[in-house]
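Student: This one is model_16.txt, compact mmCIF, C-alpha atoms.
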# COMPACT_ATOMS: atom_id res chain seq x y z
CA MET A 1 48.55 -64.92 -38.51
CA SER A 2 49.66 -62.44 -35.85
CA TYR A 3 47.87 -59.13 -35.53
CA GLN A 4 50.96 -57.38 -36.87
CA ASP A 5 50.90 -59.48 -40.04
CA PHE A 6 47.20 -58.80 -40.33
CA LEU A 7 47.77 -55.06 -40.17
CA GLN A 8 50.63 -55.21 -42.65
CA THR A 9 48.52 -57.11 -45.15
CA TYR A 10 45.29 -55.16 -44.81
CA ALA A 11 46.34 -51.68 -43.63
CA ALA A 12 46.01 -50.26 -47.15
CA ARG A 13 42.43 -51.50 -47.55
CA ILE A 14 41.45 -50.32 -44.08
CA LEU A 15 42.93 -46.88 -44.79
CA ASN A 16 41.08 -46.74 -48.13
CA GLY A 17 37.87 -47.58 -46.33
CA THR A 18 38.57 -44.93 -43.71
CA ALA A 19 39.04 -42.33 -46.47
CA VAL A 20 35.66 -43.26 -47.98
CA THR A 21 34.05 -43.10 -44.52
CA ALA A 22 35.60 -39.65 -44.01
CA ALA A 23 34.25 -38.48 -47.38
CA GLN A 24 30.78 -39.85 -46.59
CA PHE A 25 30.97 -38.13 -43.21
CA LEU A 26 31.89 -34.74 -44.69
CA PHE A 27 29.27 -34.80 -47.47
CA ALA A 28 26.58 -36.12 -45.13
CA SER A 29 27.41 -33.39 -42.57
CA GLY A 30 26.97 -30.77 -45.28
CA VAL A 31 23.58 -32.21 -46.28
CA ALA A 32 22.52 -32.52 -42.63
CA ILE A 33 23.42 -28.93 -41.74
CA LEU A 34 21.69 -27.54 -44.82
CA ALA A 35 18.56 -29.67 -44.32
CA ALA A 36 18.45 -28.82 -40.60
CA LEU A 37 18.67 -25.07 -41.28
CA ILE A 38 16.01 -25.10 -43.99
CA ALA A 39 13.60 -27.38 -42.10
CA GLY A 40 14.27 -25.74 -38.72
CA LEU A 41 13.57 -22.26 -40.09
CA GLY A 42 10.68 -23.65 -42.14
CA LYS A 43 9.02 -25.10 -39.06
CA LEU A 44 9.07 -21.63 -37.46
CA SER A 45 7.50 -19.99 -40.51
CA ALA A 46 4.03 -18.47 -40.16
CA ASN A 47 3.17 -19.59 -43.70
CA PRO A 48 1.54 -23.06 -43.59
CA LEU A 49 2.80 -23.79 -47.13
CA ILE A 50 6.36 -23.60 -45.80
CA ARG A 51 5.71 -25.01 -42.33
CA GLY A 52 3.76 -28.03 -43.63
CA PRO A 53 6.51 -29.59 -45.78
CA ALA A 54 9.09 -28.90 -43.05
CA VAL A 55 6.98 -30.72 -40.44
CA VAL A 56 6.30 -33.63 -42.81
CA TYR A 57 10.01 -33.98 -43.62
CA ILE A 58 10.98 -33.91 -39.93
CA GLU A 59 8.33 -36.39 -38.81
CA ILE A 60 8.95 -38.87 -41.65
CA PHE A 61 12.71 -38.91 -41.26
CA ARG A 62 12.58 -39.02 -37.45
CA GLY A 63 9.76 -41.56 -37.39
CA THR A 64 11.41 -44.23 -39.54
CA SER A 65 14.81 -45.88 -39.46
CA LEU A 66 17.89 -44.70 -41.30
CA LEU A 67 18.25 -48.15 -42.85
CA VAL A 68 14.68 -48.02 -44.21
CA GLN A 69 15.34 -44.56 -45.65
CA LEU A 70 18.62 -45.69 -47.21
CA TYR A 71 17.01 -48.70 -48.90
CA TRP A 72 14.07 -46.62 -50.03
CA ILE A 73 16.25 -43.95 -51.57
CA PHE A 74 18.56 -46.49 -53.19
CA PHE A 75 16.07 -49.16 -54.35
CA VAL A 76 12.71 -47.41 -54.72
CA LEU A 77 13.57 -43.91 -55.99
CA PRO A 78 14.96 -45.36 -59.26
CA LEU A 79 11.43 -46.69 -59.96
CA PHE A 80 10.31 -43.07 -60.07
CA GLY A 81 13.07 -42.31 -62.55
CA LEU A 82 15.55 -40.85 -60.05
CA THR A 83 18.61 -43.07 -60.03
CA LEU A 84 21.37 -42.03 -57.67
CA PRO A 85 24.86 -43.51 -57.65
CA LYS A 86 25.37 -45.48 -54.44
CA PHE A 87 27.90 -43.02 -53.04
CA ALA A 88 25.44 -40.13 -53.39
CA ALA A 89 22.48 -42.22 -52.18
CA GLY A 90 24.58 -43.06 -49.11
CA PHE A 91 25.51 -39.59 -47.93
CA LEU A 92 22.14 -38.11 -48.94
CA SER A 93 20.22 -40.63 -46.81
CA VAL A 94 22.49 -40.22 -43.80
CA GLY A 95 22.45 -36.44 -44.18
CA MET A 96 18.67 -36.19 -44.59
CA ASN A 97 18.12 -38.47 -41.59
CA VAL A 98 20.40 -36.53 -39.25
CA GLY A 99 19.13 -33.24 -40.71
CA ALA A 100 15.64 -34.03 -39.41
CA TYR A 101 16.98 -34.37 -35.87
CA GLY A 102 19.12 -31.26 -36.41
CA ALA A 103 16.07 -29.27 -37.53
CA GLU A 104 14.60 -29.64 -34.04
CA LEU A 105 17.87 -28.39 -32.55
CA VAL A 106 17.85 -25.38 -34.90
CA ARG A 107 14.24 -24.59 -34.03
CA GLY A 108 14.87 -24.97 -30.29
CA ALA A 109 17.98 -22.79 -30.38
CA ILE A 110 16.29 -20.00 -32.36
CA GLN A 111 13.40 -19.97 -29.90
CA ALA A 112 15.87 -19.87 -27.02
CA VAL A 113 17.44 -16.58 -28.18
CA PRO A 114 16.18 -14.02 -25.63
CA ARG A 115 13.16 -11.92 -26.61
CA GLY A 116 15.07 -8.71 -26.08
CA GLN A 117 17.32 -9.55 -29.02
CA TRP A 118 14.30 -9.87 -31.33
CA GLU A 119 12.83 -6.63 -30.05
CA ALA A 120 16.12 -4.77 -30.37
CA ALA A 121 16.47 -5.90 -33.98
CA LEU A 122 12.91 -4.74 -34.62
CA ALA A 123 13.64 -1.37 -32.97
CA LEU A 124 16.68 -0.95 -35.25
CA ASN A 125 14.33 -1.40 -38.21
CA MET A 126 16.13 -4.48 -39.51
CA THR A 127 14.42 -6.56 -42.18
CA PRO A 128 13.47 -10.09 -41.02
CA ALA A 129 16.28 -11.56 -43.17
CA THR A 130 18.93 -9.25 -41.72
CA ARG A 131 17.65 -9.85 -38.21
CA MET A 132 17.92 -13.59 -38.67
CA ARG A 133 21.36 -13.46 -40.29
CA ARG A 134 23.09 -10.84 -38.15
CA VAL A 135 21.42 -11.16 -34.75
CA ILE A 136 19.47 -14.35 -34.16
CA LEU A 137 21.33 -17.09 -36.04
CA PRO A 138 24.82 -16.33 -34.66
CA GLN A 139 23.50 -16.56 -31.10
CA ALA A 140 21.35 -19.60 -31.88
CA PHE A 141 24.40 -21.24 -33.45
CA LEU A 142 26.32 -20.94 -30.19
CA LEU A 143 23.39 -22.39 -28.23
CA MET A 144 22.97 -25.43 -30.47
CA LEU A 145 26.64 -26.37 -30.87
CA PRO A 146 26.89 -28.70 -27.82
CA PRO A 147 23.91 -30.89 -28.84
CA TRP A 148 25.18 -30.87 -32.44
CA GLY A 149 28.37 -32.45 -31.10
CA ASN A 150 26.38 -35.55 -30.10
CA LEU A 151 24.40 -35.52 -33.32
CA ILE A 152 27.53 -35.40 -35.46
CA ILE A 153 28.83 -38.52 -33.68
CA GLU A 154 25.51 -40.20 -34.50
CA LEU A 155 26.06 -39.14 -38.11
CA LEU A 156 29.53 -40.68 -38.18
CA LYS A 157 28.06 -43.93 -36.84
CA GLY A 158 25.23 -43.70 -39.36
CA THR A 159 27.67 -43.67 -42.28
CA ALA A 160 28.55 -47.30 -41.45
CA LEU A 161 25.17 -48.30 -42.90
CA VAL A 162 26.13 -47.17 -46.41
CA SER A 163 28.25 -50.33 -46.58
CA LEU A 164 24.94 -52.21 -46.94
CA ILE A 165 24.40 -50.66 -50.38
CA SER A 166 28.06 -51.59 -51.05
CA VAL A 167 29.73 -48.21 -50.76
CA ALA A 168 33.33 -49.28 -50.06
CA ASP A 169 33.65 -47.57 -46.68
CA LEU A 170 35.48 -48.79 -43.56
CA MET A 171 32.64 -51.08 -42.51
CA PHE A 172 32.48 -52.57 -46.04
CA GLN A 173 36.22 -53.29 -46.07
CA ALA A 174 35.99 -54.93 -42.64
CA LYS A 175 33.21 -57.17 -43.93
CA GLN A 176 35.19 -58.08 -47.06
CA ILE A 177 38.34 -58.87 -45.09
CA ASN A 178 36.29 -60.97 -42.69
CA ALA A 179 34.66 -62.87 -45.56
CA SER A 180 38.00 -63.80 -47.14
CA THR A 181 40.05 -64.52 -43.99
CA TYR A 182 37.53 -65.48 -41.25
CA LEU A 183 39.62 -63.33 -38.90
CA SER A 184 36.53 -61.68 -37.44
CA ALA A 185 38.02 -60.34 -34.22
CA GLN A 186 40.88 -58.70 -36.13
CA SER A 187 38.88 -57.22 -39.00
CA PHE A 188 35.80 -56.00 -37.10
CA GLY A 189 37.89 -55.12 -34.03
CA THR A 190 40.22 -52.91 -36.08
CA ALA A 191 37.26 -51.17 -37.69
CA LEU A 192 35.71 -50.56 -34.24
CA ILE A 193 38.96 -49.00 -33.04
CA VAL A 194 39.24 -46.77 -36.12
CA TYR A 195 35.66 -45.50 -35.64
CA TYR A 196 36.44 -44.89 -31.99
CA ILE A 197 39.57 -42.90 -32.82
CA LEU A 198 37.67 -40.83 -35.41
CA ALA A 199 34.86 -40.04 -32.96
CA ARG A 200 36.88 -39.51 -29.80
CA PHE A 201 40.09 -37.90 -31.06
CA VAL A 202 39.05 -36.14 -34.29
CA VAL A 203 35.37 -35.19 -34.36
CA THR A 204 34.77 -34.46 -30.65
CA PRO A 205 37.89 -32.26 -30.20
CA PHE A 206 36.97 -30.39 -33.39
CA MET A 207 33.46 -29.66 -32.06
CA ARG A 208 34.90 -28.49 -28.71
CA TRP A 209 37.30 -26.21 -30.59
CA LEU A 210 34.43 -24.83 -32.66
CA GLU A 211 32.45 -24.10 -29.48
CA ARG A 212 35.41 -22.15 -28.05
CA VAL A 213 36.01 -20.19 -31.26
CA MET A 214 32.36 -19.29 -31.68
CA ALA A 215 32.07 -18.21 -28.04
CA GLN A 216 35.11 -15.96 -28.51
CA ARG A 217 33.76 -14.42 -31.70
CA LEU A 218 30.56 -13.51 -29.92
CA GLY A 219 32.61 -12.09 -27.04
CA ARG A 220 31.48 -14.67 -24.51
CA THR A 221 34.63 -16.19 -23.11
CA MET B 222 9.71 -53.44 -62.51
CA SER B 223 7.48 -50.45 -62.55
CA PHE B 224 6.51 -47.65 -60.26
CA HIS B 225 2.83 -48.61 -60.34
CA TRP B 226 1.60 -49.30 -56.86
CA ARG B 227 -0.16 -52.68 -56.88
CA TRP B 228 -2.82 -53.00 -54.20
CA ASP B 229 -3.36 -56.73 -54.71
CA PHE B 230 0.35 -57.29 -54.08
CA THR B 231 0.13 -54.99 -51.05
CA PHE B 232 -2.62 -57.09 -49.49
CA GLU B 233 -0.76 -60.26 -50.36
CA ILE B 234 2.39 -59.28 -48.47
CA MET B 235 0.71 -57.39 -45.63
CA PRO B 236 0.14 -60.44 -43.34
CA ARG B 237 3.78 -61.42 -43.65
CA LEU B 238 4.95 -57.93 -42.81
CA LEU B 239 2.60 -57.68 -39.85
CA TRP B 240 3.92 -60.96 -38.46
CA ALA B 241 7.44 -59.63 -38.87
CA THR B 242 6.36 -56.48 -37.04
CA LEU B 243 5.72 -58.67 -34.00
CA ASN B 244 9.33 -59.85 -34.23
CA THR B 245 10.50 -56.25 -34.50
CA LEU B 246 8.51 -55.30 -31.40
CA MET B 247 9.82 -58.34 -29.55
CA ALA B 248 13.42 -57.50 -30.52
CA ALA B 249 12.98 -53.92 -29.32
CA GLY B 250 11.36 -55.06 -26.06
CA LEU B 251 13.95 -57.72 -25.27
CA GLY B 252 16.85 -55.47 -26.22
CA TYR B 253 15.45 -52.70 -24.06
CA ALA B 254 14.97 -55.00 -21.08
CA ILE B 255 18.61 -56.10 -21.32
CA ALA B 256 19.73 -52.49 -21.71
CA MET B 257 17.76 -51.35 -18.64
CA VAL B 258 19.41 -53.89 -16.35
CA LEU B 259 22.90 -53.71 -17.85
CA GLY B 260 22.76 -49.91 -17.99
CA LEU B 261 22.03 -49.69 -14.27
CA GLY B 262 25.10 -51.85 -13.65
CA LEU B 263 27.25 -49.58 -15.82
CA ALA B 264 25.92 -46.47 -14.05
CA LEU B 265 26.50 -47.86 -10.55
CA ALA B 266 29.97 -49.12 -11.48
CA GLN B 267 30.93 -45.55 -12.34
CA ARG B 268 30.18 -44.50 -8.76
CA SER B 269 32.39 -47.18 -7.29
CA ARG B 270 35.21 -46.35 -4.86
CA PHE B 271 37.73 -48.19 -7.04
CA ARG B 272 39.16 -45.53 -9.37
CA LEU B 273 40.37 -48.11 -11.86
CA LEU B 274 36.93 -49.70 -12.25
CA THR B 275 35.30 -46.29 -12.60
CA LEU B 276 37.74 -45.23 -15.32
CA ALA B 277 37.50 -48.54 -17.19
CA VAL B 278 33.68 -48.48 -17.24
CA ARG B 279 33.65 -44.81 -18.26
CA GLU B 280 35.93 -45.60 -21.22
CA LEU B 281 33.85 -48.67 -22.13
CA VAL B 282 30.67 -46.58 -22.22
CA GLU B 283 32.38 -43.97 -24.42
CA PHE B 284 33.65 -46.71 -26.71
CA ILE B 285 30.23 -48.32 -27.14
CA ARG B 286 28.58 -44.95 -27.71
CA SER B 287 30.99 -43.77 -30.36
CA THR B 288 31.13 -46.86 -32.58
CA PRO B 289 28.41 -47.95 -35.03
CA LEU B 290 25.78 -50.40 -33.78
CA VAL B 291 25.78 -52.31 -37.07
CA LEU B 292 29.50 -52.98 -36.65
CA GLN B 293 28.95 -54.14 -33.07
CA ILE B 294 26.25 -56.53 -34.28
CA PHE B 295 28.67 -58.02 -36.81
CA PHE B 296 31.39 -58.21 -34.18
CA VAL B 297 29.26 -60.12 -31.65
CA PHE B 298 27.87 -62.44 -34.33
CA TYR B 299 31.13 -63.37 -36.05
CA VAL B 300 33.73 -63.24 -33.29
CA GLY B 301 32.13 -66.00 -31.17
CA PRO B 302 32.51 -68.77 -33.79
CA GLN B 303 36.19 -67.84 -34.25
CA PHE B 304 36.71 -69.01 -30.67
CA GLY B 305 34.30 -71.93 -30.87
CA ILE B 306 31.22 -70.20 -29.43
CA ARG B 307 28.21 -70.31 -31.75
CA LEU B 308 25.48 -67.78 -31.09
CA SER B 309 22.19 -67.69 -32.98
CA PRO B 310 21.32 -64.45 -34.83
CA TRP B 311 18.69 -63.67 -32.19
CA VAL B 312 21.01 -64.16 -29.23
CA SER B 313 23.90 -62.19 -30.70
CA GLY B 314 21.54 -59.51 -32.01
CA MET B 315 19.93 -59.03 -28.62
CA ALA B 316 23.32 -59.02 -26.90
CA ALA B 317 24.68 -56.35 -29.27
CA ILE B 318 21.66 -54.06 -29.26
CA GLY B 319 21.20 -54.52 -25.49
CA LEU B 320 24.83 -53.67 -24.82
CA HIS B 321 24.71 -50.65 -27.15
CA TYR B 322 21.66 -49.15 -25.50
CA SER B 323 22.86 -50.03 -22.00
CA ALA B 324 25.66 -47.51 -22.59
CA TYR B 325 23.09 -44.83 -23.49
CA LEU B 326 20.78 -45.73 -20.59
CA SER B 327 23.68 -45.70 -18.13
CA GLU B 328 24.16 -42.03 -19.02
CA VAL B 329 20.48 -41.37 -18.30
CA TYR B 330 20.71 -43.19 -14.95
CA ARG B 331 23.90 -41.30 -14.11
CA GLY B 332 22.05 -38.03 -14.60
CA GLY B 333 19.24 -39.29 -12.36
CA LEU B 334 21.66 -40.42 -9.65
CA ALA B 335 23.47 -37.07 -9.78
CA SER B 336 20.16 -35.28 -9.22
CA VAL B 337 19.67 -36.90 -5.77
CA PRO B 338 20.70 -34.30 -3.18
CA ARG B 339 23.83 -34.96 -1.09
CA GLY B 340 21.80 -34.75 2.09
CA GLN B 341 20.01 -37.99 1.17
CA TRP B 342 23.32 -39.85 1.07
CA GLU B 343 24.44 -38.32 4.33
CA ALA B 344 21.15 -39.19 5.99
CA CYS B 345 21.66 -42.84 4.96
CA ILE B 346 25.11 -42.85 6.51
CA ALA B 347 23.71 -41.23 9.65
CA LEU B 348 21.04 -43.96 9.82
CA ASN B 349 23.78 -46.58 9.48
CA MET B 350 22.21 -48.10 6.36
CA THR B 351 24.16 -50.61 4.29
CA ALA B 352 25.08 -49.69 0.71
CA ARG B 353 22.36 -52.05 -0.52
CA GLN B 354 19.70 -50.44 1.65
CA THR B 355 20.89 -46.98 0.68
CA TYR B 356 20.45 -47.67 -3.04
CA LEU B 357 17.31 -49.79 -2.93
CA ARG B 358 15.30 -47.83 -0.39
CA VAL B 359 16.48 -44.24 -0.70
CA ILE B 360 18.56 -43.38 -3.75
CA LEU B 361 17.06 -45.36 -6.65
CA PRO B 362 13.40 -44.50 -5.88
CA GLN B 363 14.39 -40.85 -6.13
CA ALA B 364 16.82 -41.19 -9.04
CA LEU B 365 14.61 -43.17 -11.42
CA PRO B 366 11.58 -40.88 -11.92
CA PRO B 367 13.57 -37.95 -13.35
CA ALA B 368 15.38 -40.41 -15.62
CA LEU B 369 12.14 -41.82 -17.05
CA ALA B 370 11.75 -39.21 -19.78
CA GLY B 371 15.23 -39.83 -21.15
CA MET B 372 14.60 -43.55 -21.00
CA GLY B 373 11.45 -43.19 -23.12
CA ASN B 374 13.37 -41.52 -25.93
CA TYR B 375 15.74 -44.47 -26.11
CA LEU B 376 12.79 -46.87 -26.27
CA VAL B 377 11.81 -45.17 -29.54
CA GLY B 378 15.48 -45.18 -30.54
CA ILE B 379 15.93 -48.91 -30.01
CA LEU B 380 12.78 -49.62 -32.03
CA LYS B 381 14.18 -47.65 -34.96
CA ASP B 382 17.53 -49.44 -34.73
CA THR B 383 16.09 -52.96 -34.93
CA PRO B 384 16.22 -53.02 -38.78
CA MET B 385 20.00 -53.30 -38.39
CA LEU B 386 19.44 -56.81 -37.02
CA SER B 387 18.53 -57.85 -40.57
CA VAL B 388 22.25 -57.84 -41.47
CA ILE B 389 22.76 -61.06 -39.50
CA GLY B 390 19.45 -62.56 -40.61
CA VAL B 391 17.07 -61.87 -37.72
CA ALA B 392 13.63 -62.21 -39.33
CA GLU B 393 12.30 -58.78 -38.39
CA LEU B 394 10.55 -56.27 -40.68
CA MET B 395 13.51 -55.20 -42.80
CA GLN B 396 14.72 -58.74 -43.37
CA THR B 397 11.19 -59.80 -44.39
CA ALA B 398 10.92 -56.86 -46.80
CA ASN B 399 14.28 -57.83 -48.30
CA ALA B 400 13.09 -61.41 -48.71
CA ILE B 401 9.84 -60.31 -50.38
CA GLY B 402 11.82 -58.01 -52.67
CA SER B 403 14.20 -60.71 -53.81
CA GLU B 404 11.38 -63.24 -54.36
CA SER B 405 9.09 -60.99 -56.36
CA TYR B 406 11.50 -58.36 -57.73
CA ARG B 407 9.15 -55.71 -56.39
CA TYR B 408 10.72 -53.30 -53.94
CA LEU B 409 8.30 -50.38 -54.05
CA GLU B 410 5.58 -51.92 -51.87
CA PRO B 411 7.62 -53.82 -49.26
CA TYR B 412 10.07 -50.98 -48.52
CA THR B 413 7.35 -48.33 -48.50
CA LEU B 414 5.17 -50.44 -46.21
CA VAL B 415 8.07 -50.93 -43.80
CA GLY B 416 8.40 -47.16 -43.62
CA VAL B 417 4.66 -46.73 -43.06
CA ILE B 418 4.60 -49.41 -40.33
CA PHE B 419 7.51 -47.73 -38.55
CA LEU B 420 5.76 -44.38 -38.71
CA ALA B 421 2.55 -45.97 -37.42
CA ILE B 422 4.39 -47.35 -34.39
CA SER B 423 6.96 -44.70 -33.59
CA LEU B 424 4.80 -41.57 -33.88
CA PRO B 425 2.22 -42.73 -31.27
CA VAL B 426 4.95 -44.12 -29.01
CA ALA B 427 6.88 -40.84 -29.20
CA GLY B 428 3.64 -39.00 -28.39
CA LEU B 429 2.99 -41.24 -25.38
CA VAL B 430 6.56 -40.73 -24.17
CA ARG B 431 6.04 -36.96 -24.33
CA LEU B 432 2.76 -37.17 -22.39
CA PHE B 433 4.37 -39.43 -19.82
CA GLU B 434 7.26 -36.99 -19.46
CA ILE B 435 4.85 -34.13 -18.72
CA ARG B 436 2.97 -36.21 -16.13
CA VAL B 437 6.15 -37.30 -14.36
CA ARG B 438 7.36 -33.71 -14.25
CA ARG B 439 4.07 -32.59 -12.71
CA LYS B 440 4.18 -35.36 -10.13
CA LEU B 441 7.67 -34.29 -9.12
CA GLY B 442 6.54 -30.69 -8.93
CA MET B 443 8.88 -29.48 -11.71
CA ARG B 444 6.70 -27.78 -14.24
Please re-express this file's structure in structure tokens.
Tutor:
Amino acid sequence: MSYQDFLQTYAARILNGTAVTAAQFLFASGVAILAALIAGLGKLSANPLIRGPAVVYIEIFRGTSLLVQLYWIFFVLPLFGLTLPKFAAGFLSVGMNVGAYGAELVRGAIQAVPRGQWEAALALNMTPATRMRRVILPQAFLLMLPPWGNLIIELLKGTALVSLISVADLMFQAKQINASTYLSAQSFGTALIVYYILARFVVTPFMRWLERVMAQRLGRT
Amino acid sequence: MSFHWRWDFTFEIMPRLLWATLNTLMAAGLGYAIAMVLGLGLALAQRSRFRLLTLAVRELVEFIRSTPLVLQIFFVFYVGPQFGIRLSPWVSGMAAIGLHYSAYLSEVYRGGLASVPRGQWEACIALNMTARQTYLRVILPQALPPALAGMGNYLVGILKDTPMLSVIGVAELMQTANAIGSESYRYLEPYTLVGVIFLAISLPVAGLVRLFEIRVRRKLGMR
């Protein structure tokens, strides 16, 4: 079977898998950004009741493997009465895992906003919430975008693990095609190339574009 | 199946999990050793005079870094037999994880090499040193210490990626927990214990890496 024949036969399944991977990626990114913001801000809180859970979340999710977390959420949580469909278990695990790393980026970026900005907001009699929303976070956002670019690629790669709880993503389809045809180089090779294209020509350019747009909006071109 | 934690079962499976932990540590150590050597090669190749080699290695590093490790493990394990080369799970697992992390480490080395001042290179030329002498006696001793901190983070990273080796049947922690789960139909204890064991290893190691980083910085006079 030539590679062309292979593509003709299996292109539909590979594209289906790519769509599922894209969906997992988008949902997981949403979870990761939300978790990172909450935990990152929480870790900076003066209240130990808020800081404690944030630190515990960050250390647990950074200290263990994504695969362990995925299996735990999918196989063990149901024993506590919380059964998640595999699609949701997939993107929640990936998102929570990357969110823990993101929380450190959020915390670092907020602390890197110059002191003068905090003092100015205080002098203008802004409430802490307004100060965070209008002054600190927009500047912190710009500071943390470049490292988030790397993290988002890690997230895309992380979504490949959801195939292990049989979410029918790109990796899953590659495995299935390999199991029925034994054309390992073709099936896994094609999947590798698709992941590469997604990372290098879709996600990375988008993050660069976002960096430019945000810099312009803050008047720093 | 129930959510009751059974301590007797915990103690029953603990020895097996601890043995498997040794395999996990060995996999991380071996993979890291391969990555350290291979990564240096990838970093040096990107400083070569041959533009084509430089570009090809650059692209290879980007490719390895932007595709999932679990897919690379499958690729290495299954593609060999298609062409008549049989690799054991351990060999292909180590090759895949070593190659993956060599791409990351090459970036760390590259940063270290870039931090060596130009004058050092020029001095080597002035002293008529060969390329080999230049690297071994002047450049690498100065490039490696600043890279050590970054290297430590990837040591923790490789440890946390070893559970992926379970997909091709390497008998490390995750694989053992899976086996226990399918024998006893109890998943609560094995999976939770795997998490606890990982925390117990990676938190102290991460702490040590941080301490080490501070000491190296002090030694180099960059506070």
Student: Just the residues within 10 Å of range 98-108 of chain A, please, counting all atoms listed in the file, with nothing from its chain fewer than 4 positions along; format it as a ChimeraX atom specification.
Tutor: /A:28-44,54-63,66,92-94,112-113,137,140-141,143-145,147-148,151-152,154-155,158
Student: Give me, please, the distance in Å between CA of Gln267 in chain B and CA of Arg279 in chain B, quoted to one decimal.
Tutor: 6.6 Å
Student: Within 7 Å of Gly260 in chain B, counting only C-alpha atoms, which residues qualify if same-chain residues fewer than 4 places away don't, as a ChimeraX atom specification?
Tutor: /B:256,264,323-324,326-327
Student: Could you list the residues in chain A lying within 9 Å of chain B, using only C-alpha atoms, and format the result as a PyMOL selection string?
Tutor: chain A and resi 59-60+62-69+71-72+75-81+153-154+156-161+164+171+175+178+182-189+191-200
Student: What's the separation between CA of Arg270 in chain B and CA of Pro367 in chain B, in Å to one decimal place?
Tutor: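 Computing it gives 24.7 Å between the two atoms.
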Student: Kindly give the distance, in Å, that separates CA of Leu320 in chain B and CA of Gly333 in chain B, rounded to a single decimal.
Tutor: 19.8 Å
Student: I'd like the contact shell of Leu238 in chain B - 8 Å cut-off, all atoms listed in the file, skipping same-chain residues fewer than 2 positions apart - returned as a PyMOL selection string.
Tutor: chain B and resi 234-236+240-242+394+397-398+415
